[in-house]
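Shown next: input_17.cif, containing mmCIF, C-alpha atoms and all ligand atoms.
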```cif
data_protein
#
loop_
_atom_site.label_atom_id
_atom_site.label_comp_id
_atom_site.auth_asym_id
_atom_site.auth_seq_id
_atom_site.Cartn_x
_atom_site.Cartn_y
_atom_site.Cartn_z
CA MET A 1 18.37 -8.95 -5.64
CA TYR A 2 16.07 -10.46 -3.01
CA LYS A 3 17.37 -13.95 -2.44
CA THR A 4 14.72 -16.26 -1.05
CA MET A 5 12.52 -17.41 -3.88
CA MET A 6 9.38 -18.19 -1.93
CA GLN A 7 6.21 -19.42 -3.55
CA GLN A 8 2.59 -19.15 -2.57
CA ASN A 9 1.34 -22.57 -1.47
CA TYR A 10 -2.18 -22.20 -2.80
CA ALA A 11 -3.28 -25.73 -1.91
CA ALA A 12 -2.63 -24.96 1.78
CA TYR A 13 -5.53 -22.49 2.02
CA GLN A 14 -8.51 -24.00 3.81
CA ALA A 15 -12.22 -23.38 3.27
CA GLU A 16 -12.18 -21.01 6.24
CA ASP A 17 -9.38 -18.98 4.62
CA GLN A 18 -11.46 -18.64 1.46
CA ALA A 19 -14.44 -17.54 3.56
CA VAL A 20 -12.30 -14.92 5.32
CA TRP A 21 -11.09 -13.61 1.96
CA GLN A 22 -14.59 -13.41 0.50
CA LEU A 23 -15.88 -11.59 3.54
CA LEU A 24 -12.98 -9.11 3.65
CA PHE A 25 -13.10 -8.39 -0.07
CA GLN A 26 -16.85 -7.91 -0.34
CA ARG A 27 -17.09 -5.86 2.84
CA GLN A 28 -14.34 -3.49 1.81
CA TRP A 29 -15.47 -3.27 -1.83
CA ASP A 30 -18.90 -2.07 -0.63
CA ASN A 31 -17.45 0.13 2.08
CA LEU A 32 -15.01 1.98 -0.18
CA LYS A 33 -17.58 2.97 -2.80
CA ASP A 34 -17.88 6.53 -1.47
CA LYS A 35 -14.48 6.73 0.24
CA ALA A 36 -11.65 5.91 -2.18
CA VAL A 37 -9.98 7.90 -4.96
CA GLY A 38 -11.65 7.39 -8.33
CA GLU A 39 -8.46 5.84 -9.74
CA LEU A 40 -9.00 2.76 -7.57
CA TRP A 41 -11.97 1.47 -9.56
CA PRO A 42 -10.46 1.14 -13.05
CA ALA A 43 -7.42 -0.42 -11.36
CA LEU A 44 -9.59 -3.00 -9.58
CA GLU A 45 -11.37 -3.60 -12.88
CA ALA A 46 -8.05 -4.26 -14.63
CA ALA A 47 -7.09 -6.73 -11.89
CA LYS A 48 -10.44 -8.44 -11.46
CA THR A 49 -9.85 -11.70 -13.32
CA ALA A 50 -7.16 -12.52 -10.74
CA LEU A 51 -8.13 -10.30 -7.80
CA ASN A 52 -11.77 -10.54 -6.82
CA GLY A 53 -14.20 -11.51 -4.12
CA GLN A 54 -14.64 -15.09 -5.29
CA GLU A 55 -11.39 -16.57 -4.02
CA ILE A 56 -7.98 -15.85 -2.54
CA PRO A 57 -5.84 -14.47 -5.38
CA ASN A 58 -3.49 -16.98 -6.92
CA PHE A 59 -0.18 -15.25 -7.54
CA ASN A 60 0.45 -17.51 -10.52
CA GLN A 61 -2.40 -15.61 -12.17
CA LEU A 62 -2.20 -12.19 -10.53
CA SER A 63 1.52 -11.65 -11.02
CA PRO A 64 1.53 -12.42 -14.79
CA LEU A 65 -1.52 -10.17 -15.23
CA LEU A 66 0.23 -7.30 -13.46
CA GLN A 67 3.35 -8.05 -15.47
CA LYS A 68 1.40 -7.87 -18.70
CA GLU A 69 -0.39 -4.65 -17.76
CA GLN A 70 2.38 -2.67 -16.04
CA ASN A 71 5.54 -4.75 -16.22
CA PHE A 72 5.38 -5.21 -12.43
CA SER A 73 5.46 -8.57 -10.68
CA ILE A 74 4.70 -9.91 -7.22
CA GLU A 75 7.50 -11.24 -5.05
CA VAL A 76 6.46 -13.53 -2.22
CA VAL A 77 8.08 -12.55 1.08
CA PRO A 78 7.70 -13.94 4.61
CA GLY A 79 6.48 -10.60 6.00
CA LEU A 80 8.25 -7.31 6.56
CA ILE A 81 11.69 -7.33 4.94
CA PRO A 82 14.83 -5.19 5.43
CA VAL A 83 14.36 -1.76 3.95
CA GLU A 84 17.23 -2.00 1.47
CA GLU A 85 15.77 -5.22 0.01
CA PHE A 86 12.41 -3.50 -0.16
CA PHE A 87 13.90 -0.60 -2.14
CA ALA A 88 15.72 -3.03 -4.43
CA LEU A 89 12.52 -4.96 -5.23
CA LEU A 90 10.57 -1.82 -6.04
CA ALA A 91 13.39 -0.50 -8.21
CA GLN A 92 13.10 -3.74 -10.21
CA ARG A 93 9.32 -3.37 -10.44
CA ARG A 94 8.72 -6.27 -8.05
CA PHE A 95 6.20 -5.77 -5.26
CA PRO A 96 6.69 -7.80 -2.07
CA SER A 97 3.62 -9.56 -0.72
CA SER A 98 3.00 -12.01 2.07
CA THR A 99 0.77 -15.04 1.43
CA TRP A 100 -0.67 -15.67 4.90
CA LEU A 101 -4.20 -14.53 5.61
CA ARG A 102 -5.69 -13.36 8.90
CA LYS A 103 -8.12 -15.63 10.75
CA MET A 104 -11.85 -15.03 11.16
CA GLU A 105 -11.34 -13.98 14.79
CA GLU A 106 -8.85 -11.26 13.84
CA LEU A 107 -10.66 -9.67 10.90
CA ASP A 108 -10.08 -6.15 12.16
CA TYR A 109 -6.82 -6.21 14.03
CA LEU A 110 -3.42 -7.26 12.78
CA GLU A 111 0.08 -7.00 14.22
CA GLU A 112 1.66 -7.38 10.80
CA PRO A 113 0.36 -6.85 7.27
CA ASP A 114 -1.20 -9.99 5.81
CA MET A 115 -2.02 -10.76 2.19
CA PHE A 116 -5.33 -8.91 2.29
CA HIS A 117 -3.43 -5.76 3.14
CA ASP A 118 -0.72 -6.51 0.58
CA THR A 119 -3.00 -7.53 -2.29
CA PHE A 120 -6.29 -5.66 -1.81
CA GLY A 121 -4.49 -2.64 -0.32
CA HIS A 122 -1.47 -2.30 -2.57
CA ILE A 123 -1.80 -4.33 -5.77
CA PRO A 124 -4.79 -2.65 -7.47
CA LEU A 125 -3.15 0.77 -7.78
CA LEU A 126 -0.08 -0.91 -9.29
CA PHE A 127 -2.36 -1.43 -12.31
CA ASN A 128 -2.26 2.39 -12.67
CA ALA A 129 0.74 3.24 -14.88
CA GLN A 130 1.73 6.42 -13.06
CA TYR A 131 1.47 4.77 -9.66
CA ALA A 132 3.57 1.81 -10.82
CA ASP A 133 6.23 4.21 -12.12
CA PHE A 134 6.12 6.12 -8.83
CA MET A 135 6.82 2.92 -6.91
CA GLN A 136 9.78 2.02 -9.10
CA GLU A 137 11.19 5.53 -8.77
CA PHE A 138 10.71 5.45 -5.01
CA GLY A 139 12.74 2.23 -4.91
CA ARG A 140 15.47 3.69 -7.08
CA ILE A 141 15.82 6.77 -4.84
CA GLY A 142 15.80 4.55 -1.76
CA LEU A 143 18.60 2.36 -3.09
CA GLN A 144 20.65 5.39 -3.97
CA LEU A 145 20.30 6.79 -0.43
CA ALA A 146 20.22 3.52 1.52
CA HIS A 147 23.56 4.26 3.19
CA LEU A 148 22.15 7.41 4.82
CA PRO A 149 19.99 6.54 7.86
CA GLU A 150 18.45 10.01 7.96
CA ALA A 151 17.39 9.78 4.31
CA VAL A 152 16.00 6.26 4.78
CA ALA A 153 13.95 7.45 7.77
CA ALA A 154 12.59 10.33 5.67
CA LEU A 155 11.65 7.97 2.84
CA GLU A 156 9.92 5.63 5.27
CA ARG A 157 7.87 8.59 6.51
CA LEU A 158 6.98 9.62 2.98
CA TYR A 159 5.90 6.04 2.21
CA TRP A 160 3.90 5.89 5.42
CA PHE A 161 1.97 9.11 4.83
CA THR A 162 1.34 8.43 1.13
CA ILE A 163 1.44 4.79 0.01
CA GLU A 164 0.22 3.43 3.35
CA PHE A 165 -1.93 6.19 4.84
CA GLY A 166 -2.40 8.65 2.02
CA VAL A 167 -5.56 10.72 1.65
CA CYS A 168 -6.65 13.36 -0.85
CA GLN A 169 -8.88 16.19 0.16
CA ASN A 170 -11.14 18.00 -2.26
CA ALA A 171 -14.41 19.88 -2.08
CA GLN A 172 -16.32 16.63 -1.54
CA GLY A 173 -14.20 15.61 1.43
CA GLN A 174 -11.54 12.98 1.93
CA GLU A 175 -10.65 10.33 -0.64
CA ILE A 176 -8.43 7.45 0.40
CA TYR A 177 -5.54 6.01 -1.59
CA GLY A 178 -3.24 4.62 1.12
CA ALA A 179 -3.15 0.83 1.33
CA GLY A 180 -3.25 0.77 5.12
CA ILE A 181 -6.60 2.57 5.05
CA LEU A 182 -7.98 0.88 1.90
CA SER A 183 -7.49 -2.52 3.54
CA SER A 184 -8.94 -1.50 6.92
CA PHE A 185 -12.69 -1.43 7.45
CA GLY A 186 -12.40 0.59 10.67
CA GLU A 187 -9.81 3.07 9.50
CA SER A 188 -11.55 3.81 6.19
CA ILE A 189 -14.66 4.71 8.18
CA GLN A 190 -12.61 6.81 10.61
CA VAL A 191 -11.15 8.81 7.73
CA HIS A 192 -14.47 9.19 5.94
CA GLN A 193 -16.19 10.45 9.07
CA GLY A 194 -13.22 12.44 10.29
CA ASN A 195 -13.50 10.96 13.76
CA ASN A 196 -10.55 10.93 16.15
CA CYS A 197 -8.20 12.26 13.54
CA GLU A 198 -6.81 15.43 12.08
CA PHE A 199 -6.35 16.25 8.40
CA ARG A 200 -3.43 18.46 7.47
CA PRO A 201 -2.45 19.80 4.07
CA PHE A 202 0.42 17.80 2.61
CA GLN A 203 3.66 19.66 3.18
CA LEU A 204 6.66 17.68 2.11
CA GLU A 205 9.09 19.08 4.62
CA THR A 206 6.73 18.34 7.51
CA VAL A 207 5.93 14.83 6.30
CA LEU A 208 9.59 13.91 5.93
CA GLN A 209 10.10 14.80 9.59
CA HIS A 210 6.93 13.34 11.10
CA HIS A 211 7.69 10.36 13.33
CA PHE A 212 4.88 7.83 13.06
CA TYR A 213 3.61 4.98 15.20
CA LYS A 214 2.72 1.56 13.91
CA HIS A 215 0.09 -0.77 15.38
CA GLU A 216 -2.63 1.81 15.87
CA MET A 217 -4.95 3.86 13.76
CA GLN A 218 -3.39 7.10 12.64
CA SER A 219 -4.41 10.34 14.31
CA VAL A 220 -2.93 12.59 11.60
CA TYR A 221 -3.29 12.33 7.83
CA TYR A 222 -1.55 14.55 5.30
CA CYS A 223 -3.88 15.35 2.44
CA LEU A 224 -2.85 15.90 -1.15
CA ASP A 225 -5.10 18.17 -3.23
CA ASN A 226 -5.58 15.31 -5.68
CA PHE A 227 -4.16 11.89 -6.47
CA GLN A 228 -2.18 13.17 -9.45
CA SER A 229 -0.05 15.42 -7.27
CA LEU A 230 1.47 12.30 -5.67
CA PHE A 231 3.38 11.68 -8.86
CA GLY A 232 5.11 15.05 -8.80
CA LEU A 233 6.65 14.60 -5.36
CA LEU A 234 9.69 12.47 -5.97
CA LYS A 235 11.89 14.96 -7.81
CA GLU A 236 11.82 17.31 -4.86
CA VAL A 237 12.21 14.44 -2.40
CA GLU A 238 15.34 13.26 -4.17
CA GLN A 239 16.85 16.75 -4.27
CA ARG A 240 16.18 17.35 -0.59
CA LEU A 241 17.54 14.01 0.53
CA LEU A 242 20.61 14.15 -1.69
CA SER A 243 21.55 17.32 0.16
CA LEU A 244 21.95 15.15 3.27
CA ALA A 245 24.71 13.18 1.58
FE FE B 1 1.58 -1.93 3.27
#
```
Do you think you could lay out the structure here as structure tokens?
Ligand SMILES: [Fe+2]
Amino acid sequence: MYKTMMQQNYAAYQAEDQAVWQLLFQRQWDNLKDKAVGELWPALEAAKTALNGQEIPNFNQLSPLLQKEQNFSIEVVPGLIPVEEFFALLAQRRFPSSTWLRKMEELDYLEEPDMFHDTFGHIPLLFNAQYADFMQEFGRIGLQLAHLPEAVAALERLYWFTIEFGVCQNAQGQEIYGAGILSSFGESIQVHQGNNCEFRPFQLETVLQHHFYKHEMQSVYYCLDNFQSLFGLLKEVEQRLLSLA
């Protein structure tokens, strides 16, 4: 159980913070129209009374809505948290989110994920039942294997190349579902245009071994044939990683 019970201090957001949120939300909403997986739009629709371009989401509204729709809640965290606590939260259908928002002068570059990444990037797809179940199952497998550093590293890579930087590739081109791309204006354009990056077919064994770098745009994306195939991955992941035990 994650111990610090932090709260979002909504009254602390200033007018400039609200302006940053409105700009980020509207810009990315427009930008993603032809770039994201189709499943994003009904999910955003389901979340829209509490997650929209009018104001910074209030977790006292967004979390109960997500709870009602998918029995998932939002857990306020200070930033990145230890991986075992992260697994534990997901296994309990609690998604960790920060509450600080980037400043106007850093709209496009962040050292650490802020609440635009956490909420606009991650929360909408949690309104998709299969995605929410996937996240819980990912947490359960992580907890079960948390004592095995090699398995934890493999799970972090899987998370990185799916939940954070996942892309599907079909006849029309690339469709984004990873939160790191969905929440990045520059990276969503990079993926859509295919500039400075390579798309590889998703091969589980390769992904589980691919060392990744934070703090820069990705140069390699592993593409699923379609969004649905994400949900079939975890059985094989668990079997492979249990063999490390
Ligand atoms: Fe993230």
Give me the region 148-202 of chain A side of the contact with region 22-35 of chain A, cut-off 10 Å, one line per residue showing its nearest atom pair and distance in Å at one decimal, counting all atoms listed in the file, sorted by chain and residue number, as JSON lines.
```
{"residue": "A:Val167", "atom": "CA", "partner": "A:Lys35", "partner_atom": "CA", "distance": 9.9}
{"residue": "A:Gly173", "atom": "CA", "partner": "A:Lys35", "partner_atom": "CA", "distance": 9.0}
{"residue": "A:Gln174", "atom": "CA", "partner": "A:Lys35", "partner_atom": "CA", "distance": 7.1}
{"residue": "A:Glu175", "atom": "CA", "partner": "A:Lys35", "partner_atom": "CA", "distance": 5.3}
{"residue": "A:Ile176", "atom": "CA", "partner": "A:Lys35", "partner_atom": "CA", "distance": 6.1}
{"residue": "A:Tyr177", "atom": "CA", "partner": "A:Lys35", "partner_atom": "CA", "distance": 9.2}
{"residue": "A:Ile181", "atom": "CA", "partner": "A:Leu32", "partner_atom": "CA", "distance": 9.9}
{"residue": "A:Leu182", "atom": "CA", "partner": "A:Leu32", "partner_atom": "CA", "distance": 7.4}
{"residue": "A:Ser183", "atom": "CA", "partner": "A:Gln28", "partner_atom": "CA", "distance": 7.1}
{"residue": "A:Ser184", "atom": "CA", "partner": "A:Gln28", "partner_atom": "CA", "distance": 7.7}
{"residue": "A:Phe185", "atom": "CA", "partner": "A:Gln28", "partner_atom": "CA", "distance": 6.2}
{"residue": "A:Gly186", "atom": "CA", "partner": "A:Gln28", "partner_atom": "CA", "distance": 9.9}
{"residue": "A:Ser188", "atom": "CA", "partner": "A:Lys35", "partner_atom": "CA", "distance": 7.2}
{"residue": "A:Ile189", "atom": "CA", "partner": "A:Asn31", "partner_atom": "CA", "distance": 8.1}
{"residue": "A:Val191", "atom": "CA", "partner": "A:Lys35", "partner_atom": "CA", "distance": 8.5}
{"residue": "A:His192", "atom": "CA", "partner": "A:Lys35", "partner_atom": "CA", "distance": 6.2}
{"residue": "A:Gln193", "atom": "CA", "partner": "A:Lys35", "partner_atom": "CA", "distance": 9.7}
```
Residue neighbourhood Leu90 (chain A), 12 Å, all atoms listed in the file, exclusion window fewer than 6 positions, as a CSV table (one decimal) with C-alpha atoms, in the frame of the given file:
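Once written, out-v4.csv looks like this:
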```csv
chain,number,residue,atom,x,y,z
A,1,MET,CA,18.4,-9.0,-5.6
A,2,TYR,CA,16.1,-10.5,-3.0
A,71,ASN,CA,5.5,-4.8,-16.2
A,72,PHE,CA,5.4,-5.2,-12.4
A,73,SER,CA,5.5,-8.6,-10.7
A,74,ILE,CA,4.7,-9.9,-7.2
A,75,GLU,CA,7.5,-11.2,-5.0
A,83,VAL,CA,14.4,-1.8,4.0
A,84,GLU,CA,17.2,-2.0,1.5
A,96,PRO,CA,6.7,-7.8,-2.1
A,97,SER,CA,3.6,-9.6,-0.7
A,126,LEU,CA,-0.1,-0.9,-9.3
A,131,TYR,CA,1.5,4.8,-9.7
A,132,ALA,CA,3.6,1.8,-10.8
A,133,ASP,CA,6.2,4.2,-12.1
A,134,PHE,CA,6.1,6.1,-8.8
A,135,MET,CA,6.8,2.9,-6.9
A,136,GLN,CA,9.8,2.0,-9.1
A,137,GLU,CA,11.2,5.5,-8.8
A,138,PHE,CA,10.7,5.4,-5.0
A,139,GLY,CA,12.7,2.2,-4.9
A,140,ARG,CA,15.5,3.7,-7.1
A,141,ILE,CA,15.8,6.8,-4.8
A,142,GLY,CA,15.8,4.6,-1.8
A,143,LEU,CA,18.6,2.4,-3.1
```
Test item: residues lying within 10 Å of ligand FE 1 (chain B) with all atoms listed in the file, as a PyMOL selection string
chain A and resi 80+96-97+112-119+121-123+159-160+163-165+178-181+183
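The closest residue to Thr99 (chain A), picked from A:Ala47, A:Ala171, A:Phe127, A:Gly79 and counting all atoms listed in the file, is A:Gly79.
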Taking all atoms listed in the file into account, which of A:Leu208, A:Leu148, A:Val76, A:Ala50 comes nearest Trp100 (chain A)?
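Under the stated criterion, the closest residue is A:Val76.
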Selected residue of minimal separation from Ala88 (chain A) among A:Leu158, A:Trp41, A:Leu110, A:Ala146, counting only C-alpha atoms:
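Of all the options, A:Ala146 lies closest to Ala88 (chain A).
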Determine the nearest neighbour of Val37 (chain A) from the options A:Ala12, A:Leu233, A:Val152, A:Cys168, counting only C-alpha atoms.
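Closest candidate: A:Cys168.
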